[in-house]
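Written below as structure tokens is the structure these notes are about.
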Amino acid sequence: MFWNTLLLSIRAIRRNLMRSFLTILGIVIGVAAVITMVTLGNGATKSVSDQISSMGSNILIVAPGQRFGPGSGGAPSFKLADAEAIENQIYNAKWVAPTTSKSATAVYQANNWSTVVYGSNNDYFPAGNWELADGRDFSDSEQRSGKAVCVIGETVRENLFGTASPIGSQIRIKQFSCEVIGLLEAKGQSAMGHDQDDMVVMPLRTVQRRLTGSQDISRITVSARDTNSISSVKKKIELLMRERRNIGENEDDDFRVMDTRQIADTLTSTTRILTLLLGAVAAVSLLVGGIGIMNIMLVSVTERTREIGIRLAIGALEREVLLQFLIEAVVLSSIGGIIGLILATTASLVLSGIMNIPYIFDPGINLLAFLFSAAIGVIFGFFPARRAAGLNPIDALRHE
């Protein structure tokens, strides 16, 4: 009986193909919108998480002042001795990279490029998950003497050297020449939209003597030995810095220790909330599609009143008529759900490529959207089906 009812429902749908297509259009748009929004949101969340991870593993950033962003808000800068104290007194601090920076223009032959010059030590590279694509890092003698050598990022190489190898070349920074000894692997954009490859790294003493003209350190990057020790290292750094900066017991810190995990959690939770919000807005179109199905099914019941009367008159049961129209509504919404799934997959693949975020297939949201579309067929198709099954056979046969 079920298969006969299903065939009757499909035959009724095929009888008015254009109307059937317009009926399921709302379901198609709703399913496609929900899946696409959630898929792109998951991709954006994964992209942000990966970009935060590219900053370094188990990273703590120690900076003067309590204000986030550039500047220390009047708080005194760190000195090299502060970084050495962290390295010598905190056991679980694996890498300690004191860093200072200065904007400058790099020049090679006829090419020039405005970039940021960072002064640090060799811990800067493993702490920030930087790998060398070519060349080498600083020798101990180069760091001690403040020799004019540098390691450049991919963006600087591309703008100054094109496709040529920069190793061994001399570039001019301000009024002095610097030998390029290394090239970093490309990382791309950070989670904040900053080009991580647009930089030049020199020994700390070189930048202090030739660019900044002071012994100040703008931040200290600390990499803990493992994830479990991050909180312990952070607490020890705070106590050590309070002691070194002579901060009283009741005084507030004039520095901050930032955990990159907290930045990652904040950004990913924000993208998840936006994903849920967009998904909820898109889900409204599914309800609109369900109302469209109910409306067309009511019209179909009116048009087929005599057909229903004949079926009831020759012995069809009310539940069989109810089932026929209910199955017809479910088939319509299910077809809309399938088309919506195909459309969402195509749109997600295309938009992921355009937005440069990973495509992450989520079987859960795809299955949920399809089942929700089928449930809408049951919910919004029940009233028209119940109305058809409740028709009086005699009145139905008299209907013009």
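Identifiers in the structure tokens: chain A, B, ... in order shown; residue index from 1 per chain; ligand index from 1 in order shown.
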
**Request:** Please report, as a VMD selection string, each residue of region 20-246 of chain A to which DSSP assigns strand (DSSP E) when run on this structure's backbone.
**Result:** chain A and resid 59 to 64 93 to 108 111 to 120 132 to 135 149 to 152 170 to 173 176 to 184 199 to 203 219 to 224

Contact residues around region 165-172 of chain A with only C-alpha atoms at 8 Å, ignoring same-chain residues under 4 positions, as a PDB file with C-alpha atoms, in the first residue's frame:
ATOM      1  CA  ALA A 106      64.633  48.272   2.828  1.00  0.00           C
ATOM      2  CA  VAL A 107      66.436  49.034  -0.442  1.00  0.00           C
ATOM      3  CA  TYR A 108      68.040  46.663  -2.942  1.00  0.00           C
ATOM      4  CA  ASP A 134      67.085  29.042   2.835  1.00  0.00           C
ATOM      5  CA  GLY A 135      70.260  30.219   4.532  1.00  0.00           C
ATOM      6  CA  ARG A 157      62.094  38.888  -0.739  1.00  0.00           C
ATOM      7  CA  PHE A 161      64.494  40.328  -5.204  1.00  0.00           C
ATOM      8  CA  PHE A 176      73.655  51.080   6.719  1.00  0.00           C
ATOM      9  CA  SER A 177      74.034  47.939   4.632  1.00  0.00           C
ATOM     10  CA  CYS A 178      72.939  44.544   5.870  1.00  0.00           C
ATOM     11  CA  GLU A 179      73.846  41.106   4.551  1.00  0.00           C
ATOM     12  CA  VAL A 180      70.933  38.729   3.969  1.00  0.00           C
ATOM     13  CA  ILE A 181      71.899  35.402   5.552  1.00  0.00           C
ATOM     14  CA  GLY A 182      68.485  33.686   5.731  1.00  0.00           C
ATOM     15  CA  LEU A 183      65.002  33.491   4.206  1.00  0.00           C
TER      16      LEU A 183
END

**Asked** How far is it from CA of Lys234 (chain A) to CA of Trp130 (chain A), in Å with one decimal?
**Response**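 One can read the CA of Lys234 (chain A) to CA of Trp130 (chain A) distance as 22.5 Å.
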
**Prompt:** Tell me, which residues of region 187-371 of chain A carry DSSP alpha helix (DSSP H), written as a PyMOL selection string?
**Reply:** chain A and resi 204-207+230-244+260-303+305-313+318-355+363-371

**Message:** Which residue is closest to Ile360 (chain A)? Choose from A:Leu286, A:Ser348, A:Ala97, A:Thr221 and count only C-alpha atoms.
**Reply:** A:Ser348

**Prompt:** Between A:Arg205, A:Thr36, A:Val330, A:Met199, which has the minimum distance to Asp140 (chain A) (counting only C-alpha atoms)?
**Reply:**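 Looking at the shortest contact to Asp140 (chain A), the residue is A:Arg205.
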
**Message:** Ranking A:Ala224, A:Ala344, A:Met355, A:Ala280 by minimum distance to Ile59 (chain A) and counting only C-alpha atoms, which one comes first?
**Reply:** A:Ala224

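As for CA of Arg136 (chain A) and CA of Ala148 (chain A), they are spaced 14.3 Å apart.
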
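Note that the spacing between CA of Thr345 (chain A) and CA of Leu22 (chain A) amounts to 21.3 Å.
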